[in-house]
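Source file: upload_32.cif. Holds: mmCIF, C-alpha atoms.
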data_final
#
loop_
_atom_site.group_PDB
_atom_site.id
_atom_site.type_symbol
_atom_site.label_atom_id
_atom_site.label_comp_id
_atom_site.auth_asym_id
_atom_site.auth_seq_id
_atom_site.Cartn_x
_atom_site.Cartn_y
_atom_site.Cartn_z
ATOM 1 C CA MET A 148 0.000 0.000 0.000
ATOM 2 C CA GLU A 149 2.976 2.288 0.622
ATOM 3 C CA GLN A 150 3.686 2.313 -3.118
ATOM 4 C CA GLN A 151 0.198 3.395 -4.134
ATOM 5 C CA LEU A 152 -0.537 6.870 -5.421
ATOM 6 C CA ASP A 153 -2.459 9.389 -3.353
ATOM 7 C CA ARG A 154 -5.511 9.122 -5.601
ATOM 8 C CA GLU A 155 -5.626 5.356 -5.154
ATOM 9 C CA LEU A 156 -5.367 5.768 -1.405
ATOM 10 C CA ILE A 157 -8.205 8.294 -1.449
ATOM 11 C CA VAL A 158 -10.400 5.764 -3.245
ATOM 12 C CA LEU A 159 -9.528 3.190 -0.582
ATOM 13 C CA LEU A 160 -10.260 5.772 2.082
ATOM 14 C CA GLN A 161 -13.658 6.379 0.528
ATOM 15 C CA ASP A 162 -14.310 2.671 0.991
ATOM 16 C CA GLY A 163 -13.467 3.033 4.691
ATOM 17 C CA GLU A 164 -9.988 1.516 4.501
ATOM 18 C CA LEU A 165 -8.240 2.699 7.665
ATOM 19 C CA ASP A 166 -4.795 1.537 6.530
ATOM 20 C CA ALA A 167 -4.967 4.011 3.661
ATOM 21 C CA LEU A 168 -5.311 6.789 6.214
ATOM 22 C CA GLY A 169 -2.136 5.589 7.931
ATOM 23 C CA VAL A 170 -0.197 5.669 4.677
ATOM 24 C CA LEU A 171 -1.487 9.125 3.749
ATOM 25 C CA TYR A 172 -0.618 10.291 7.245
ATOM 26 C CA ASP A 173 2.953 9.005 6.945
ATOM 27 C CA ARG A 174 3.278 10.717 3.593
ATOM 28 C CA HIS A 175 1.877 14.132 4.452
ATOM 29 C CA ARG A 176 2.175 14.531 8.233
ATOM 30 C CA HIS A 177 5.150 16.882 8.068
ATOM 31 C CA LEU A 178 3.365 19.178 5.637
ATOM 32 C CA VAL A 179 0.349 19.488 7.934
ATOM 33 C CA TYR A 180 2.220 19.606 11.241
ATOM 34 C CA ARG A 181 4.778 22.193 10.204
ATOM 35 C CA THR A 182 2.181 24.384 8.544
ATOM 36 C CA ALA A 183 -0.011 24.247 11.647
ATOM 37 C CA LEU A 184 2.958 24.851 13.929
ATOM 38 C CA ALA A 185 4.160 27.848 11.956
ATOM 39 C CA ILE A 186 0.688 29.404 12.006
ATOM 40 C CA THR A 187 -0.173 28.682 15.637
ATOM 41 C CA GLY A 188 3.315 28.768 17.178
ATOM 42 C CA ASP A 189 2.157 26.119 19.624
ATOM 43 C CA PRO A 190 3.434 22.511 19.322
ATOM 44 C CA GLU A 191 0.522 21.090 21.316
ATOM 45 C CA MET A 192 -2.034 22.896 19.210
ATOM 46 C CA ALA A 193 -0.209 21.812 16.055
ATOM 47 C CA SER A 194 -0.400 18.184 17.252
ATOM 48 C CA ASP A 195 -4.132 18.521 17.837
ATOM 49 C CA LEU A 196 -4.583 20.135 14.424
ATOM 50 C CA LEU A 197 -2.620 17.333 12.811
ATOM 51 C CA GLN A 198 -5.069 14.868 14.314
ATOM 52 C CA GLU A 199 -8.078 16.913 13.323
ATOM 53 C CA VAL A 200 -7.012 17.420 9.706
ATOM 54 C CA PHE A 201 -6.458 13.710 9.091
ATOM 55 C CA LEU A 202 -9.617 12.768 10.953
ATOM 56 C CA ARG A 203 -11.540 15.053 8.635
ATOM 57 C CA LEU A 204 -9.735 13.586 5.658
ATOM 58 C CA TYR A 205 -11.012 10.188 6.744
ATOM 59 C CA ARG A 206 -14.544 11.255 7.568
ATOM 60 C CA PHE A 207 -15.059 13.499 4.550
ATOM 61 C CA ALA A 208 -13.134 11.355 2.069
ATOM 62 C CA HIS A 209 -16.298 10.824 0.032
ATOM 63 C CA ARG A 210 -16.368 14.564 -0.743
ATOM 64 C CA ILE A 211 -12.798 14.625 -2.066
ATOM 65 C CA ASP A 212 -12.116 14.311 -5.783
ATOM 66 C CA SER A 213 -9.566 11.526 -6.009
ATOM 67 C CA GLU A 214 -8.404 12.733 -9.420
ATOM 68 C CA ARG A 215 -7.051 15.974 -7.998
ATOM 69 C CA PRO A 216 -3.907 16.329 -5.849
ATOM 70 C CA ILE A 217 -4.526 15.984 -2.121
ATOM 71 C CA GLN A 218 -2.018 18.647 -1.007
ATOM 72 C CA PRO A 219 -4.224 21.688 -1.730
ATOM 73 C CA TRP A 220 -7.037 20.075 0.282
ATOM 74 C CA LEU A 221 -4.645 19.442 3.180
ATOM 75 C CA TYR A 222 -3.308 22.993 3.038
ATOM 76 C CA ARG A 223 -6.814 24.431 2.922
ATOM 77 C CA MET A 224 -8.036 22.345 5.852
ATOM 78 C CA THR A 225 -4.894 23.066 7.893
ATOM 79 C CA THR A 226 -5.027 26.806 7.348
ATOM 80 C CA ASN A 227 -8.782 27.008 7.974
ATOM 81 C CA LEU A 228 -8.585 25.019 11.196
ATOM 82 C CA SER A 229 -5.466 26.864 12.353
ATOM 83 C CA TYR A 230 -7.184 30.169 11.686
ATOM 84 C CA THR A 231 -10.255 29.116 13.672
ATOM 85 C CA TRP A 232 -8.244 27.770 16.596
ATOM 86 C CA VAL A 233 -5.970 30.792 16.768
ATOM 87 C CA LYS A 234 -8.957 33.149 16.731
ATOM 88 C CA ARG A 235 -10.650 31.127 19.455
ATOM 89 C CA ARG A 236 -7.543 31.100 21.633
ATOM 90 C CA THR A 237 -6.887 34.779 21.000
ATOM 91 C CA ARG A 238 -10.393 35.637 22.127
ATOM 92 C CA TRP A 239 -9.940 33.965 25.513
ATOM 93 C CA LEU A 240 -6.352 34.930 26.079
ATOM 94 C CA HIS A 241 -6.647 38.517 24.871
ATOM 95 C CA PHE A 242 -7.554 39.876 28.282
ATOM 96 C CA ILE A 243 -4.853 37.893 30.061
ATOM 97 C CA GLN A 244 -2.288 38.970 27.487
ATOM 98 C CA ASP A 245 -3.190 42.638 27.954
ATOM 99 C CA MET A 246 -2.768 42.305 31.690
ATOM 100 C CA ALA A 247 0.577 40.540 31.277
ATOM 101 C CA ASP A 248 1.793 43.247 28.899
ATOM 102 C CA ARG A 249 0.951 45.889 31.461
ATOM 103 C CA VAL A 250 2.801 44.038 34.184
ATOM 104 C CA ILE A 251 5.907 43.527 32.056
ATOM 105 C CA LEU A 252 7.133 47.067 31.796
ATOM 106 C CA ASP A 253 10.704 46.498 30.709
ATOM 107 C CA LYS A 254 11.503 47.195 27.103
ATOM 108 C CA LYS A 255 11.887 44.220 24.799
ATOM 109 C CA PRO A 256 15.414 43.605 23.508
ATOM 110 C CA SER A 257 16.266 44.235 19.879
ATOM 111 C CA PRO A 258 15.825 41.315 17.444
ATOM 112 C CA HIS A 259 19.611 40.965 17.116
ATOM 113 C CA LEU A 260 20.076 40.827 20.884
ATOM 114 C CA GLN A 261 17.152 38.438 21.201
ATOM 115 C CA ALA A 262 18.658 36.161 18.552
ATOM 116 C CA GLU A 263 21.920 36.060 20.423
ATOM 117 C CA ARG A 264 20.206 35.291 23.690
ATOM 118 C CA ASP A 265 18.007 32.480 22.423
ATOM 119 C CA GLU A 266 19.709 29.239 21.706
ATOM 120 C CA GLY A 267 16.662 27.818 19.962
ATOM 121 C CA TRP A 268 14.261 29.289 17.444
ATOM 122 C CA GLN A 269 12.276 31.512 19.756
ATOM 123 C CA TRP A 270 13.256 34.672 17.946
ATOM 124 C CA ILE A 271 11.968 33.510 14.552
ATOM 125 C CA GLN A 272 8.891 32.039 16.216
ATOM 126 C CA GLN A 273 8.208 35.357 17.896
ATOM 127 C CA ALA A 274 8.628 37.195 14.616
ATOM 128 C CA ILE A 275 6.083 35.103 12.761
ATOM 129 C CA ILE A 276 3.612 35.010 15.633
ATOM 130 C CA SER A 277 3.702 38.795 15.797
ATOM 131 C CA LEU A 278 2.148 38.970 12.319
ATOM 132 C CA PRO A 279 -1.617 39.311 11.959
ATOM 133 C CA ILE A 280 -3.096 35.863 11.366
ATOM 134 C CA GLN A 281 -4.098 36.517 7.738
ATOM 135 C CA GLN A 282 -0.604 37.678 6.827
ATOM 136 C CA ARG A 283 0.927 34.851 8.849
ATOM 137 C CA VAL A 284 -0.917 32.218 6.842
ATOM 138 C CA VAL A 285 0.298 33.702 3.542
ATOM 139 C CA VAL A 286 3.885 33.898 4.804
ATOM 140 C CA VAL A 287 3.837 30.267 5.931
ATOM 141 C CA LEU A 288 2.485 29.015 2.611
ATOM 142 C CA TYR A 289 4.847 31.206 0.579
ATOM 143 C CA TYR A 290 8.142 30.883 2.448
ATOM 144 C CA ILE A 291 7.882 27.520 4.191
ATOM 145 C CA ASN A 292 5.801 25.519 1.735
ATOM 146 C CA ASP A 293 7.145 27.239 -1.397
ATOM 147 C CA LEU A 294 3.702 27.670 -2.919
ATOM 148 C CA SER A 295 3.151 30.140 -5.728
ATOM 149 C CA LEU A 296 0.971 33.214 -5.303
ATOM 150 C CA GLN A 297 -1.620 31.592 -7.569
ATOM 151 C CA GLU A 298 -1.691 28.413 -5.480
ATOM 152 C CA ILE A 299 -2.001 30.391 -2.249
ATOM 153 C CA GLY A 300 -4.882 32.351 -3.728
ATOM 154 C CA GLU A 301 -6.691 29.143 -4.671
ATOM 155 C CA ILE A 302 -6.095 27.521 -1.276
ATOM 156 C CA LEU A 303 -7.273 30.546 0.683
ATOM 157 C CA ASP A 304 -9.948 31.405 -1.867
ATOM 158 C CA ILE A 305 -8.743 34.970 -2.248
ATOM 159 C CA PRO A 306 -7.552 36.947 -5.304
ATOM 160 C CA VAL A 307 -3.854 36.883 -6.152
ATOM 161 C CA GLY A 308 -3.758 40.645 -5.582
ATOM 162 C CA THR A 309 -4.818 40.110 -1.984
ATOM 163 C CA VAL A 310 -2.114 37.484 -1.546
ATOM 164 C CA LYS A 311 0.457 39.966 -2.868
ATOM 165 C CA SER A 312 -0.792 42.693 -0.605
ATOM 166 C CA ARG A 313 -0.683 40.506 2.509
ATOM 167 C CA LEU A 314 2.779 39.290 1.600
ATOM 168 C CA TYR A 315 3.984 42.839 1.087
ATOM 169 C CA TYR A 316 2.864 43.995 4.517
ATOM 170 C CA ALA A 317 4.023 40.771 6.169
ATOM 171 C CA ARG A 318 7.481 41.176 4.643
ATOM 172 C CA ARG A 319 7.707 44.688 5.958
ATOM 173 C CA LEU A 320 6.826 43.558 9.474
ATOM 174 C CA LEU A 321 9.105 40.528 9.324
ATOM 175 C CA LYS A 322 12.071 42.630 8.241
ATOM 176 C CA LYS A 323 11.478 44.846 11.209
ATOM 177 C CA GLN A 324 11.005 41.922 13.595
ATOM 178 C CA LEU A 325 14.007 39.997 12.326
ATOM 179 C CA GLY A 326 16.158 43.096 12.322
ATOM 180 C CA ILE A 327 16.969 42.777 8.652
ATOM 181 C CA HIS A 328 18.688 45.950 7.581
ATOM 182 C CA ARG A 329 20.350 47.028 4.408
ATOM 183 C CA GLU A 330 23.787 46.112 5.777
ATOM 184 C CA ALA A 331 22.692 42.582 6.721
ATOM 185 C CA LEU A 332 21.192 42.006 3.300
ATOM 186 C CA MET A 333 24.328 43.239 1.582
ATOM 187 C CA LYS A 334 26.357 40.843 3.708
ATOM 188 C CA VAL A 335 24.081 37.942 2.746
ATOM 189 C CA TYR A 336 24.361 38.982 -0.901
ATOM 190 C CA TYR A 337 28.161 39.036 -0.865
ATOM 191 C CA GLU A 338 28.387 35.739 1.001
ATOM 192 C CA THR A 339 26.178 33.970 -1.514
ATOM 193 C CA THR A 340 27.876 35.375 -4.635
ATOM 194 C CA MET B 150 -1.925 46.987 -8.126
ATOM 195 C CA ASN B 151 0.970 49.118 -7.061
ATOM 196 C CA SER B 152 4.132 47.762 -8.612
ATOM 197 C CA ASP B 153 6.089 47.974 -5.358
ATOM 198 C CA ARG B 154 3.637 45.480 -3.861
ATOM 199 C CA THR B 155 4.424 42.867 -6.478
ATOM 200 C CA PRO B 156 6.556 40.423 -4.540
ATOM 201 C CA THR B 157 8.256 38.680 -7.465
ATOM 202 C CA TYR B 158 11.549 39.231 -5.706
ATOM 203 C CA ASP B 159 12.725 40.844 -2.521
ATOM 204 C CA PRO B 160 16.323 40.829 -1.241
ATOM 205 C CA ALA B 161 15.032 39.605 2.118
ATOM 206 C CA ASP B 162 13.262 36.551 0.662
ATOM 207 C CA GLY B 163 16.174 34.156 1.002
ATOM 208 C CA TYR B 164 16.908 35.254 4.538
ATOM 209 C CA ILE B 165 13.291 34.969 5.667
ATOM 210 C CA ALA B 166 12.709 31.631 3.909
ATOM 211 C CA ASN B 167 15.868 30.090 5.373
ATOM 212 C CA ALA B 168 15.072 31.269 8.886
ATOM 213 C CA LEU B 169 11.501 29.964 8.748
ATOM 214 C CA LYS B 170 12.410 26.654 7.126
ATOM 215 C CA ASN B 171 15.213 26.018 9.603
ATOM 216 C CA TRP B 172 12.799 26.627 12.418
ATOM 217 C CA VAL B 173 9.967 24.326 11.258
ATOM 218 C CA ASN B 174 12.265 21.603 9.926
ATOM 219 C CA PHE B 175 13.763 21.418 13.395
ATOM 220 C CA GLN B 176 10.328 20.490 14.830
ATOM 221 C CA GLN B 177 9.274 16.871 14.887
ATOM 222 C CA VAL B 178 5.827 15.344 14.675
ATOM 223 C CA PRO B 179 4.972 13.640 18.006
ATOM 224 C CA ALA B 180 5.557 9.894 17.845
ATOM 225 C CA TRP B 181 2.242 9.036 19.515
ATOM 226 C CA SER B 182 0.270 10.941 16.920
ATOM 227 C CA ARG B 183 -0.170 8.149 14.357
ATOM 228 C CA SER B 184 -1.559 5.546 16.727
ATOM 229 C CA GLN B 185 -3.893 8.096 18.312
ATOM 230 C CA LEU B 186 -5.155 9.168 14.904
ATOM 231 C CA LEU B 187 -5.987 5.614 13.853
ATOM 232 C CA ALA B 188 -7.651 4.947 17.206
ATOM 233 C CA SER B 189 -9.760 8.108 16.909
ATOM 234 C CA ALA B 190 -10.685 7.369 13.292
ATOM 235 C CA SER B 191 -11.972 3.931 14.255
ATOM 236 C CA GLN B 192 -14.377 5.486 16.793
ATOM 237 C CA PRO B 193 -18.007 5.897 15.688
ATOM 238 C CA ILE B 194 -18.696 9.359 14.289
ATOM 239 C CA VAL B 195 -21.957 9.599 16.239
ATOM 240 C CA LYS B 196 -20.034 9.747 19.501
ATOM 241 C CA GLN B 197 -18.043 12.767 18.366
ATOM 242 C CA SER B 198 -21.167 14.516 17.104
ATOM 243 C CA SER B 199 -22.961 13.932 20.394
ATOM 244 C CA LEU B 200 -20.062 15.420 22.330
ATOM 245 C CA PHE B 201 -20.072 18.453 20.079
ATOM 246 C CA VAL B 202 -23.810 19.011 20.592
ATOM 247 C CA LEU B 203 -23.436 18.557 24.358
ATOM 248 C CA ARG B 204 -20.622 21.108 24.479
ATOM 249 C CA MET B 205 -22.688 23.597 22.503
ATOM 250 C CA VAL B 206 -25.692 23.148 24.801
ATOM 251 C CA ILE B 207 -23.576 23.617 27.962
ATOM 252 C CA LYS B 208 -21.896 26.664 26.482
ATOM 253 C CA TRP B 209 -25.255 28.153 25.515
ATOM 254 C CA VAL B 210 -26.688 27.617 29.023
ATOM 255 C CA LEU B 211 -23.618 29.154 30.679
ATOM 256 C CA LEU B 212 -23.650 32.154 28.371
ATOM 257 C CA ARG B 213 -27.344 32.766 29.068
ATOM 258 C CA GLY B 214 -26.556 32.625 32.812
ATOM 259 C CA ILE B 215 -23.881 35.276 32.509
ATOM 260 C CA GLU B 216 -26.129 37.444 30.368
ATOM 261 C CA LEU B 217 -28.887 37.164 32.977
ATOM 262 C CA VAL B 218 -26.659 38.266 35.855
ATOM 263 C CA SER B 219 -25.188 41.036 33.722
ATOM 264 C CA ALA B 220 -28.695 42.243 32.874
ATOM 265 C CA LEU B 221 -29.661 42.258 36.542
ATOM 266 C CA ILE B 222 -26.614 44.342 37.381
ATOM 267 C CA THR B 223 -27.330 46.732 34.503
ATOM 268 C CA ASP B 224 -30.934 47.135 35.651
ATOM 269 C CA ASN B 225 -29.739 47.932 39.187
ATOM 270 C CA GLN B 226 -31.518 44.902 40.540
ATOM 271 C CA LEU B 227 -28.087 43.853 41.694
ATOM 272 C CA THR B 228 -25.899 46.738 42.837
ATOM 273 C CA PHE B 229 -22.393 46.874 44.178
ATOM 274 C CA ILE B 230 -22.128 48.547 47.594
ATOM 275 C CA PRO B 231 -19.081 48.921 49.803
ATOM 276 C CA SER B 232 -18.776 46.547 52.716
ATOM 277 C CA SER B 233 -16.379 46.606 55.625
ATOM 278 C CA ASP B 234 -13.618 44.818 53.815
ATOM 279 C CA ASN B 235 -14.812 44.283 50.269
ATOM 280 C CA TYR B 236 -17.704 44.836 47.874
ATOM 281 C CA CYS B 237 -20.986 42.977 48.040
ATOM 282 C CA ILE B 238 -23.700 42.519 45.468
ATOM 283 C CA ASN B 239 -26.861 43.855 47.000
ATOM 284 C CA PRO B 240 -30.293 43.165 45.573
ATOM 285 C CA PRO B 241 -32.834 45.447 47.274
ATOM 286 C CA HIS B 242 -34.840 42.600 48.742
ATOM 287 C CA LEU B 243 -31.887 40.621 50.165
ATOM 288 C CA SER B 244 -29.263 41.389 52.742
ATOM 289 C CA PRO B 245 -26.117 42.924 51.251
ATOM 290 C CA CYS B 246 -23.749 40.029 51.560
ATOM 291 C CA ALA B 247 -26.246 37.190 51.443
ATOM 292 C CA ILE B 248 -25.610 36.263 47.830
ATOM 293 C CA GLN B 249 -22.229 37.864 47.306
ATOM 294 C CA SER B 250 -20.221 34.691 47.325
ATOM 295 C CA ARG B 251 -22.872 32.773 45.407
ATOM 296 C CA VAL B 252 -22.976 35.227 42.492
ATOM 297 C CA ARG B 253 -19.231 35.702 42.460
ATOM 298 C CA ASP B 254 -18.586 31.975 42.484
ATOM 299 C CA THR B 255 -21.147 31.426 39.743
ATOM 300 C CA PHE B 256 -19.445 34.043 37.601
ATOM 301 C CA LEU B 257 -16.018 32.543 38.076
ATOM 302 C CA LEU B 258 -17.256 29.004 37.574
ATOM 303 C CA GLU B 259 -19.140 29.831 34.393
ATOM 304 C CA ALA B 260 -16.294 31.850 32.940
ATOM 305 C CA GLY B 261 -13.874 29.051 33.748
ATOM 306 C CA MET B 262 -16.106 26.382 32.264
ATOM 307 C CA ILE B 263 -16.702 28.323 29.056
ATOM 308 C CA GLY B 264 -12.975 28.825 28.741
ATOM 309 C CA ALA B 265 -12.404 25.128 29.276
ATOM 310 C CA ILE B 266 -15.047 24.170 26.743
#
Could the structure of this file be written out as structure tokens, please?
Amino acid sequence: MEQQLDRELIVLLQDGELDALGVLYDRHRHLVYRTALAITGDPEMASDLLQEVFLRLYRFAHRIDSERPIQPWLYRMTTNLSYTWVKRRTRWLHFIQDMADRVILDKKPSPHLQAERDEGWQWIQQAIISLPIQQRVVVVLYYINDLSLQEIGEILDIPVGTVKSRLYYARRLLKKQLGIHREALMKVYYETT
Amino acid sequence: MNSDRTPTYDPADGYIANALKNWVNFQQVPAWSRSQLLASASQPIVKQSSLFVLRMVIKWVLLRGIELVSALITDNQLTFIPSSDNYCINPPHLSPCAIQSRVRDTFLLEAGMIGAI
């Protein structure tokens, strides 16, 4: 079964074959998990979303066109569920977050200083989480999943112009958050040429 | 569309893409996830649907409860008056502190339960 194509596995899934779900999961779990993680910034939530996306794939398999690639469906479901979960969490944590921000009065360190302090990836995680959710989703699909603007537009069901606009503003914020300045970019340019 | 918003290329693209990819590629899918998925998928769908409906009903009841108490406070049927050491909720026909703890606890319980749901 591991050698079968996605469309064949979808047909099996439509017949209620649970093993097909396992194979599809093995094949696409990283795509879903990393997309969900990048959007939510929360490993536990990303794990739950991973479960939910593949559960829905199993339960709504009869609605999926087996002749079309499965990835766009997975991206669409992952982004939609991530969006919903983030909005729900934001609603409940908004008040607590405001209170915490008021208590923490010290100024945040610069992105460069933060990057030096953090041994892990907290600085990049913070940068992407600081983006508005709609821009965050576009950034994740564009930079992490290497999707084209057209593909992102189809997945999110928005015009390509809107994708471009969100990417433009997200880039501007990310540059600021990541501390990317003209000098840093020139250095990257010279190192890669 | 303004041409400067056309993101065909930006000098920061490589930097941003590398940083983001390095971050997510470093993260691993939990090992328990596959077995849990297959176990959940083998459960009857009806059970999940029933749980969803039950959660919605509980949430609706709790929200109506909060709205009711809020309406009573707004209509001055419940008013906050100073007590010796704290504030009590004082309906005109009850003693000042008689229901203070009850209302307060109900508020906290309902808010907590809605959050949990």
**Request:** Please identify all polymer residues within 9 Å of range 161-164 of chain A, counting only C-alpha atoms, omitting same-chain residues fewer than 5 positions from it, and present them as a PyMOL selection string.
**Result:** chain A and resi 156+205-211
**Request:** Compute the chain A side of the contact with chain B at 8 Å, counting only C-alpha atoms, and hand it back as a ChimeraX atom specification.
**Result:** /A:165,168-169,172,176-177,180-181,184-185,194,198,201-202,205-206,239,268,271-272,290-291,308,311-312,314-315,321-322,327,332,335
**Message:** the PyMOL selection byres ((chain A and resi 153) around 9) - which residues does that actually catch in the file I just gave you? List them as an NGL selection string.
**Reply:** :A and (151-152 or 154-158 or 171 or 213 or 216-217)
**Atom-to-atom span, CA of Gln273 in chain A and CA of Val233 in chain A, Å** =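 Separation between CA of Gln273 in chain A and CA of Val233 in chain A: 14.9 Å.
For Val310 in chain A, the residues within 7 Å (counting only C-alpha atoms, excluding itself and residues fewer than 3 positions away along the chain) are A:Val285, A:Leu296, A:Gly300, A:Pro306, A:Val307, A:Arg313, A:Leu314.
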**Prompt:** Between CA of Tyr230 in chain A and CA of Ala183 in chain A, what is the distance, to one decimal in Å?
**Reply:** 9.3 Å
**Asked** Rounded to one decimal in Å, what is the spacing between CA of Glu259 in chain B and CA of Lys208 in chain B?
**Response**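 Value for the CA of Glu259 in chain B-CA of Lys208 in chain B distance: 9.0 Å.
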**Request:** Would you write out, as a VMD selection string, every residue that the PyMOL selection byres ((chain A and resi 283) around 10) captures in this file?
**Result:** chain A and resid 185 to 187 230 274 to 282 284 to 289 313 to 314 317 321
Tell me which residues the PyMOL selection byres ((chain A and resi 200) around 9) grabs here, as an mmCIF file with C-alpha atoms, keeping the file's coordinate frame.
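What ended up in selection.cif:
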data_model
loop_
_atom_site.group_PDB
_atom_site.id
_atom_site.type_symbol
_atom_site.label_atom_id
_atom_site.label_comp_id
_atom_site.auth_asym_id
_atom_site.auth_seq_id
_atom_site.Cartn_x
_atom_site.Cartn_y
_atom_site.Cartn_z
ATOM 1 C CA VAL A 179 0.349 19.488 7.934
ATOM 2 C CA ASP A 195 -4.132 18.521 17.837
ATOM 3 C CA LEU A 196 -4.583 20.135 14.424
ATOM 4 C CA LEU A 197 -2.620 17.333 12.811
ATOM 5 C CA GLN A 198 -5.069 14.868 14.314
ATOM 6 C CA GLU A 199 -8.078 16.913 13.323
ATOM 7 C CA PHE A 201 -6.458 13.710 9.091
ATOM 8 C CA LEU A 202 -9.617 12.768 10.953
ATOM 9 C CA ARG A 203 -11.540 15.053 8.635
ATOM 10 C CA LEU A 204 -9.735 13.586 5.658
ATOM 11 C CA TYR A 205 -11.012 10.188 6.744
ATOM 12 C CA LEU A 221 -4.645 19.442 3.180
ATOM 13 C CA MET A 224 -8.036 22.345 5.852
ATOM 14 C CA THR A 225 -4.894 23.066 7.893
ATOM 15 C CA LEU A 228 -8.585 25.019 11.196
#
